[in-house]
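Just my_file-v9.pdb here, PDB, C-alpha atoms and all ligand atoms:
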ATOM      1  CA  MET A   1      15.745  -9.671  -3.209  1.00  0.00           C
ATOM      2  CA  THR A   2      16.148 -13.328  -2.278  1.00  0.00           C
ATOM      3  CA  PRO A   3      14.294 -14.856   0.688  1.00  0.00           C
ATOM      4  CA  GLU A   4      17.613 -15.001   2.550  1.00  0.00           C
ATOM      5  CA  GLN A   5      18.270 -11.310   1.931  1.00  0.00           C
ATOM      6  CA  ILE A   6      14.752 -10.483   3.128  1.00  0.00           C
ATOM      7  CA  LYS A   7      15.388 -12.422   6.345  1.00  0.00           C
ATOM      8  CA  GLN A   8      18.670 -10.590   6.873  1.00  0.00           C
ATOM      9  CA  ARG A   9      17.105  -7.162   6.286  1.00  0.00           C
ATOM     10  CA  THR A  10      14.278  -8.104   8.631  1.00  0.00           C
ATOM     11  CA  ALA A  11      16.694  -9.242  11.330  1.00  0.00           C
ATOM     12  CA  ILE A  12      18.555  -5.912  11.183  1.00  0.00           C
ATOM     13  CA  ILE A  13      15.311  -3.951  11.550  1.00  0.00           C
ATOM     14  CA  VAL A  14      14.034  -6.181  14.330  1.00  0.00           C
ATOM     15  CA  GLU A  15      17.305  -5.988  16.230  1.00  0.00           C
ATOM     16  CA  SER A  16      17.158  -2.211  16.339  1.00  0.00           C
ATOM     17  CA  MET A  17      13.505  -2.038  17.385  1.00  0.00           C
ATOM     18  CA  GLN A  18      12.542  -5.166  19.276  1.00  0.00           C
ATOM     19  CA  PHE A  19      12.768  -3.591  22.721  1.00  0.00           C
ATOM     20  CA  LEU A  20      10.521  -0.654  21.899  1.00  0.00           C
ATOM     21  CA  PRO A  21       7.270  -0.833  23.866  1.00  0.00           C
ATOM     22  CA  GLY A  22       4.601  -2.112  21.472  1.00  0.00           C
ATOM     23  CA  GLY A  23       7.364  -2.868  19.009  1.00  0.00           C
ATOM     24  CA  LEU A  24       5.372  -4.975  16.567  1.00  0.00           C
ATOM     25  CA  LEU A  25       3.619  -2.128  14.751  1.00  0.00           C
ATOM     26  CA  PRO A  26       6.704   0.073  14.430  1.00  0.00           C
ATOM     27  CA  ILE A  27       8.642  -2.920  13.086  1.00  0.00           C
ATOM     28  CA  LEU A  28       5.961  -3.711  10.515  1.00  0.00           C
ATOM     29  CA  HIS A  29       5.874  -0.059   9.448  1.00  0.00           C
ATOM     30  CA  ARG A  30       9.664   0.029   9.086  1.00  0.00           C
ATOM     31  CA  LEU A  31       9.619  -3.172   7.049  1.00  0.00           C
ATOM     32  CA  GLN A  32       7.021  -1.779   4.692  1.00  0.00           C
ATOM     33  CA  ASP A  33       8.844   1.567   4.405  1.00  0.00           C
ATOM     34  CA  GLN A  34      12.087  -0.165   3.508  1.00  0.00           C
ATOM     35  CA  LEU A  35      10.888  -3.146   1.461  1.00  0.00           C
ATOM     36  CA  GLY A  36       7.612  -1.767   0.078  1.00  0.00           C
ATOM     37  CA  TYR A  37       5.606  -4.539   1.750  1.00  0.00           C
ATOM     38  CA  VAL A  38       5.765  -7.045   4.616  1.00  0.00           C
ATOM     39  CA  PRO A  39       7.163 -10.223   3.071  1.00  0.00           C
ATOM     40  CA  GLU A  40       6.075 -13.635   4.254  1.00  0.00           C
ATOM     41  CA  GLU A  41       9.731 -14.427   5.013  1.00  0.00           C
ATOM     42  CA  SER A  42       9.777 -11.613   7.580  1.00  0.00           C
ATOM     43  CA  VAL A  43       6.981 -13.055   9.688  1.00  0.00           C
ATOM     44  CA  PRO A  44       8.903 -15.848  11.487  1.00  0.00           C
ATOM     45  CA  VAL A  45      11.843 -13.525  12.143  1.00  0.00           C
ATOM     46  CA  VAL A  46       9.585 -10.909  13.731  1.00  0.00           C
ATOM     47  CA  ALA A  47       7.562 -13.503  15.648  1.00  0.00           C
ATOM     48  CA  LYS A  48      10.635 -15.145  17.150  1.00  0.00           C
ATOM     49  CA  ALA A  49      12.235 -11.865  18.224  1.00  0.00           C
ATOM     50  CA  LEU A  50       9.062 -10.613  19.892  1.00  0.00           C
ATOM     51  CA  ASN A  51       8.158 -13.999  21.370  1.00  0.00           C
ATOM     52  CA  LEU A  52       4.891 -14.109  19.452  1.00  0.00           C
ATOM     53  CA  SER A  53       3.342 -16.824  17.325  1.00  0.00           C
ATOM     54  CA  ARG A  54       3.356 -16.447  13.549  1.00  0.00           C
ATOM     55  CA  ALA A  55      -0.435 -16.383  13.708  1.00  0.00           C
ATOM     56  CA  GLU A  56      -0.331 -13.369  16.016  1.00  0.00           C
ATOM     57  CA  VAL A  57       1.921 -11.486  13.615  1.00  0.00           C
ATOM     58  CA  HIS A  58      -0.240 -12.493  10.644  1.00  0.00           C
ATOM     59  CA  GLY A  59      -3.295 -11.321  12.576  1.00  0.00           C
ATOM     60  CA  VAL A  60      -1.904  -7.831  12.998  1.00  0.00           C
ATOM     61  CA  ILE A  61      -0.756  -7.617   9.367  1.00  0.00           C
ATOM     62  CA  SER A  62      -4.169  -8.608   8.081  1.00  0.00           C
ATOM     63  CA  PHE A  63      -6.049  -6.364  10.542  1.00  0.00           C
ATOM     64  CA  TYR A  64      -4.452  -3.198   9.165  1.00  0.00           C
ATOM     65  CA  HIS A  65      -5.170  -2.649   5.477  1.00  0.00           C
ATOM     66  CA  HIS A  66      -2.149  -0.379   5.406  1.00  0.00           C
ATOM     67  CA  PHE A  67       0.187  -3.373   5.405  1.00  0.00           C
ATOM     68  CA  ARG A  68       0.843  -4.925   2.038  1.00  0.00           C
ATOM     69  CA  ARG A  69       1.688  -8.634   1.746  1.00  0.00           C
ATOM     70  CA  THR A  70       2.854  -8.427  -1.842  1.00  0.00           C
ATOM     71  CA  PRO A  71       5.292  -6.056  -3.529  1.00  0.00           C
ATOM     72  CA  PRO A  72       3.634  -2.836  -4.722  1.00  0.00           C
ATOM     73  CA  GLY A  73       3.421  -1.885  -8.390  1.00  0.00           C
ATOM     74  CA  ARG A  74       5.882   0.530  -9.951  1.00  0.00           C
ATOM     75  CA  ARG A  75       3.358   3.337  -9.389  1.00  0.00           C
ATOM     76  CA  THR A  76       0.575   3.757  -6.841  1.00  0.00           C
ATOM     77  CA  LEU A  77      -2.749   5.369  -7.675  1.00  0.00           C
ATOM     78  CA  PHE A  78      -4.591   6.649  -4.602  1.00  0.00           C
ATOM     79  CA  VAL A  79      -8.274   7.511  -5.039  1.00  0.00           C
ATOM     80  CA  CYS A  80      -9.837   9.721  -2.372  1.00  0.00           C
ATOM     81  CA  ARG A  81     -12.838   8.152  -0.627  1.00  0.00           C
ATOM     82  CA  SER A  82     -13.617  10.990   1.762  1.00  0.00           C
ATOM     83  CA  GLU A  83     -16.850  12.967   1.845  1.00  0.00           C
ATOM     84  CA  ALA A  84     -16.070  15.969  -0.342  1.00  0.00           C
ATOM     85  CA  CYS A  85     -14.873  13.712  -3.127  1.00  0.00           C
ATOM     86  CA  GLN A  86     -17.721  11.261  -2.678  1.00  0.00           C
ATOM     87  CA  SER A  87     -20.270  14.092  -2.926  1.00  0.00           C
ATOM     88  CA  VAL A  88     -19.082  15.032  -6.414  1.00  0.00           C
ATOM     89  CA  GLY A  89     -18.728  11.662  -8.085  1.00  0.00           C
ATOM     90  CA  GLY A  90     -15.927   9.993  -6.162  1.00  0.00           C
ATOM     91  CA  ARG A  91     -17.771   6.724  -5.884  1.00  0.00           C
ATOM     92  CA  ALA A  92     -18.205   6.452  -9.646  1.00  0.00           C
ATOM     93  CA  LEU A  93     -14.553   7.371 -10.067  1.00  0.00           C
ATOM     94  CA  GLU A  94     -13.508   4.575  -7.684  1.00  0.00           C
ATOM     95  CA  GLN A  95     -15.541   2.122  -9.688  1.00  0.00           C
ATOM     96  CA  HIS A  96     -14.089   3.374 -12.944  1.00  0.00           C
ATOM     97  CA  ALA A  97     -10.535   3.052 -11.600  1.00  0.00           C
ATOM     98  CA  LYS A  98     -11.173  -0.531 -10.512  1.00  0.00           C
ATOM     99  CA  GLU A  99     -12.738  -1.501 -13.836  1.00  0.00           C
ATOM    100  CA  ARG A 100     -10.121   0.263 -15.933  1.00  0.00           C
ATOM    101  CA  LEU A 101      -7.238  -1.347 -14.043  1.00  0.00           C
ATOM    102  CA  GLY A 102      -9.037  -4.667 -13.528  1.00  0.00           C
ATOM    103  CA  ILE A 103      -8.165  -4.756  -9.843  1.00  0.00           C
ATOM    104  CA  ASP A 104      -9.669  -4.009  -6.440  1.00  0.00           C
ATOM    105  CA  TRP A 105      -8.280  -1.916  -3.592  1.00  0.00           C
ATOM    106  CA  HIS A 106      -4.793  -2.940  -2.408  1.00  0.00           C
ATOM    107  CA  GLU A 107      -4.197  -4.954  -5.573  1.00  0.00           C
ATOM    108  CA  THR A 108      -1.644  -4.552  -8.340  1.00  0.00           C
ATOM    109  CA  THR A 109      -2.183  -4.918 -12.072  1.00  0.00           C
ATOM    110  CA  THR A 110      -0.864  -8.166 -13.515  1.00  0.00           C
ATOM    111  CA  ASP A 111       1.914  -6.324 -15.365  1.00  0.00           C
ATOM    112  CA  GLY A 112       3.085  -4.865 -12.044  1.00  0.00           C
ATOM    113  CA  SER A 113       2.628  -1.288 -13.228  1.00  0.00           C
ATOM    114  CA  VAL A 114      -0.028   0.120 -10.869  1.00  0.00           C
ATOM    115  CA  THR A 115      -1.252  -0.533  -7.340  1.00  0.00           C
ATOM    116  CA  LEU A 116      -4.660   0.899  -6.416  1.00  0.00           C
ATOM    117  CA  GLU A 117      -5.117   2.263  -2.902  1.00  0.00           C
ATOM    118  CA  PRO A 118      -7.915   4.164  -1.168  1.00  0.00           C
ATOM    119  CA  ILE A 119      -7.016   7.338   0.683  1.00  0.00           C
ATOM    120  CA  TYR A 120      -9.053   9.525   3.000  1.00  0.00           C
ATOM    121  CA  CYS A 121      -8.748  13.208   2.048  1.00  0.00           C
ATOM    122  CA  LEU A 122      -5.825  14.558   0.114  1.00  0.00           C
ATOM    123  CA  GLY A 123      -6.400  18.113   1.349  1.00  0.00           C
ATOM    124  CA  ASN A 124      -7.647  18.963  -2.114  1.00  0.00           C
ATOM    125  CA  CYS A 125     -11.372  19.022  -1.358  1.00  0.00           C
ATOM    126  CA  ALA A 126     -11.983  22.287  -3.262  1.00  0.00           C
ATOM    127  CA  CYS A 127     -10.937  20.455  -6.413  1.00  0.00           C
ATOM    128  CA  ALA A 128     -12.750  17.200  -5.696  1.00  0.00           C
ATOM    129  CA  PRO A 129     -12.838  14.486  -6.797  1.00  0.00           C
ATOM    130  CA  ALA A 130      -9.131  14.027  -6.306  1.00  0.00           C
ATOM    131  CA  VAL A 131      -6.580  11.294  -6.847  1.00  0.00           C
ATOM    132  CA  MET A 132      -2.874  11.048  -6.175  1.00  0.00           C
ATOM    133  CA  LEU A 133      -0.426   9.319  -8.436  1.00  0.00           C
ATOM    134  CA  ASP A 134       2.600   8.528  -6.319  1.00  0.00           C
ATOM    135  CA  GLU A 135       3.241  12.020  -4.851  1.00  0.00           C
ATOM    136  CA  GLN A 136       1.315  14.084  -7.407  1.00  0.00           C
ATOM    137  CA  VAL A 137      -2.197  15.213  -6.432  1.00  0.00           C
ATOM    138  CA  VAL A 138      -4.634  15.725  -9.305  1.00  0.00           C
ATOM    139  CA  GLY A 139      -8.014  17.432  -8.843  1.00  0.00           C
ATOM    140  CA  ARG A 140     -11.334  17.555 -10.679  1.00  0.00           C
ATOM    141  CA  VAL A 141     -10.751  14.072 -11.999  1.00  0.00           C
ATOM    142  CA  THR A 142     -13.329  12.682 -14.395  1.00  0.00           C
ATOM    143  CA  SER A 143     -13.319   9.160 -15.771  1.00  0.00           C
ATOM    144  CA  GLY A 144     -11.756  10.551 -18.925  1.00  0.00           C
ATOM    145  CA  ARG A 145      -8.969  12.325 -17.032  1.00  0.00           C
ATOM    146  CA  LEU A 146      -8.304   9.196 -15.042  1.00  0.00           C
ATOM    147  CA  ASP A 147      -8.017   7.193 -18.253  1.00  0.00           C
ATOM    148  CA  ALA A 148      -5.555   9.777 -19.601  1.00  0.00           C
ATOM    149  CA  LEU A 149      -3.453   9.526 -16.429  1.00  0.00           C
ATOM    150  CA  ILE A 150      -3.371   5.742 -16.708  1.00  0.00           C
ATOM    151  CA  ASP A 151      -2.546   5.936 -20.437  1.00  0.00           C
ATOM    152  CA  ASP A 152       0.353   8.275 -19.612  1.00  0.00           C
ATOM    153  CA  LEU A 153       1.634   5.721 -17.133  1.00  0.00           C
ATOM    154  CA  SER A 154       1.671   3.002 -19.745  1.00  0.00           C
ATOM    155  CA  ALA A 155       3.457   5.316 -22.175  1.00  0.00           C
ATOM    156  CA  THR A 156       6.205   6.234 -19.685  1.00  0.00           C
ATOM    157  CA  ASP A 157       6.681   2.761 -18.194  1.00  0.00           C
TER
HETATM  158  S1  LIG B 201     -12.269  14.720   0.510  1.00  0.00           S
HETATM  159 FE1  LIG B 201     -11.095  14.181  -1.214  1.00  0.00          FE
HETATM  160  S2  LIG B 201      -9.489  15.594  -1.149  1.00  0.00           S
HETATM  161 FE2  LIG B 201     -10.582  16.042   0.629  1.00  0.00          FE
END
Is it possible to give me this structure as structure tokens?
Ligand code: FES
Amino acid sequence: MTPEQIKQRTAIIVESMQFLPGGLLPILHRLQDQLGYVPEESVPVVAKALNLSRAEVHGVISFYHHFRRTPPGRRTLFVCRSEACQSVGGRALEQHAKERLGIDWHETTTDGSVTLEPIYCLGNCACAPAVMLDEQVVGRVTSGRLDALIDDLSATD
């Protein structure tokens, strides 16, 4: 999508939502739902429509980790950081995921294949530690199983 197309898509979203009370957050959510992230080109469009400064819009985007500023990878790997998972090795699994992919939370591998995101309980606590690959929840994940999942991704990419 070109910068001009991003501005046009942003303007359409903003137009339909700018008069909602507290419209900034819903607009940012809609942008991310539709574009996969909140592009830099969207910021001035949103700021102007809501009569805010660009800095104010940037401030909200950076306050909430949920908002991405770069396009996500083709797949997203969510690693559960909640208590049940942490009590059975989740922390080591997080570390392994970061080292194996060579990225930190909210980052995407250089080949654009995987984005790594934390998540807080997948409702799969009985089978902790758990991860989710896009929509698929996987339980009892060891470092070895995580490696196999990532290898499968590379094979099917
Ligand atoms: S705490 Fe990880 S799935 Fe519930």
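Minimum atom-to-atom distances from A:Phe19, A:Phe78, A:Tyr37, A:Phe67 to Leu146 (chain A) were compared using all atoms listed in the file, and the lowest value belongs to A:Phe78.
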>> Distance limit 7 Å, reference ligand LIG 201 (chain B), atoms considered: only C-alpha atoms and all ligand atoms. Which residues make the cut? Give them as number ranges by chain.
In response: A: 80-85, 120-125, 128-130
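Among the candidates A:Thr76, A:Gln18, A:Ser53, A:Thr2, the one nearest to Glu41 (chain A) when counting all atoms listed in the file is A:Thr2.
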> Smallest atom-to-atom distance to Arg74 (chain A): which of A:Ser16, A:Thr142, A:Thr156, A:Asn51, using only C-alpha atoms?
Replying inline: A:Thr156
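In this model, the gap between CA of Gln8 (chain A) and CA of His58 (chain A) comes to 19.4 Å.
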Chain and number of each residue from the PyMOL selection byres (((chain A and resi 1) around 12) and not hetatm), as a short mmCIF file (atom, residue, chain, number, x, y, z; two decimals) with C-alpha atoms, in the coordinates of the input:
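For reference, selection.cif as written:
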data_model
loop_
_atom_site.label_atom_id
_atom_site.label_comp_id
_atom_site.auth_asym_id
_atom_site.auth_seq_id
_atom_site.Cartn_x
_atom_site.Cartn_y
_atom_site.Cartn_z
CA THR A 2 16.15 -13.33 -2.28
CA PRO A 3 14.29 -14.86 0.69
CA GLU A 4 17.61 -15.00 2.55
CA GLN A 5 18.27 -11.31 1.93
CA ILE A 6 14.75 -10.48 3.13
CA LYS A 7 15.39 -12.42 6.34
CA GLN A 8 18.67 -10.59 6.87
CA ARG A 9 17.10 -7.16 6.29
CA LEU A 35 10.89 -3.15 1.46
CA GLY A 36 7.61 -1.77 0.08
CA PRO A 39 7.16 -10.22 3.07
CA GLU A 41 9.73 -14.43 5.01
CA PRO A 71 5.29 -6.06 -3.53
#
>> Rounded to one decimal, what separation in Å do you get between CA of Arg68 (chain A) and CA of Thr110 (chain A)?
In response: 16.0 Å
Please evaluate the PyMOL selection byres (((chain A and resi 107) around 12) and not hetatm) against the displayed coordinates and give the resulting residues as a PDB file with C-alpha atoms, in the frame of the given file.
ATOM      1  CA  HIS A  65      -5.170  -2.649   5.477  1.00  0.00           C
ATOM      2  CA  PHE A  67       0.187  -3.373   5.405  1.00  0.00           C
ATOM      3  CA  ARG A  68       0.843  -4.925   2.038  1.00  0.00           C
ATOM      4  CA  ARG A  69       1.688  -8.634   1.746  1.00  0.00           C
ATOM      5  CA  THR A  70       2.854  -8.427  -1.842  1.00  0.00           C
ATOM      6  CA  PRO A  71       5.292  -6.056  -3.529  1.00  0.00           C
ATOM      7  CA  PRO A  72       3.634  -2.836  -4.722  1.00  0.00           C
ATOM      8  CA  GLY A  73       3.421  -1.885  -8.390  1.00  0.00           C
ATOM      9  CA  ARG A  75       3.358   3.337  -9.389  1.00  0.00           C
ATOM     10  CA  THR A  76       0.575   3.757  -6.841  1.00  0.00           C
ATOM     11  CA  LEU A  77      -2.749   5.369  -7.675  1.00  0.00           C
ATOM     12  CA  PHE A  78      -4.591   6.649  -4.602  1.00  0.00           C
ATOM     13  CA  ALA A  97     -10.535   3.052 -11.600  1.00  0.00           C
ATOM     14  CA  LYS A  98     -11.173  -0.531 -10.512  1.00  0.00           C
ATOM     15  CA  LEU A 101      -7.238  -1.347 -14.043  1.00  0.00           C
ATOM     16  CA  GLY A 102      -9.037  -4.667 -13.528  1.00  0.00           C
ATOM     17  CA  ILE A 103      -8.165  -4.756  -9.843  1.00  0.00           C
ATOM     18  CA  ASP A 104      -9.669  -4.009  -6.440  1.00  0.00           C
ATOM     19  CA  TRP A 105      -8.280  -1.916  -3.592  1.00  0.00           C
ATOM     20  CA  HIS A 106      -4.793  -2.940  -2.408  1.00  0.00           C
ATOM     21  CA  THR A 108      -1.644  -4.552  -8.340  1.00  0.00           C
ATOM     22  CA  THR A 109      -2.183  -4.918 -12.072  1.00  0.00           C
ATOM     23  CA  THR A 110      -0.864  -8.166 -13.515  1.00  0.00           C
ATOM     24  CA  ASP A 111       1.914  -6.324 -15.365  1.00  0.00           C
ATOM     25  CA  GLY A 112       3.085  -4.865 -12.044  1.00  0.00           C
ATOM     26  CA  SER A 113       2.628  -1.288 -13.228  1.00  0.00           C
ATOM     27  CA  VAL A 114      -0.028   0.120 -10.869  1.00  0.00           C
ATOM     28  CA  THR A 115      -1.252  -0.533  -7.340  1.00  0.00           C
ATOM     29  CA  LEU A 116      -4.660   0.899  -6.416  1.00  0.00           C
ATOM     30  CA  GLU A 117      -5.117   2.263  -2.902  1.00  0.00           C
ATOM     31  CA  PRO A 118      -7.915   4.164  -1.168  1.00  0.00           C
TER      32      PRO A 118
END
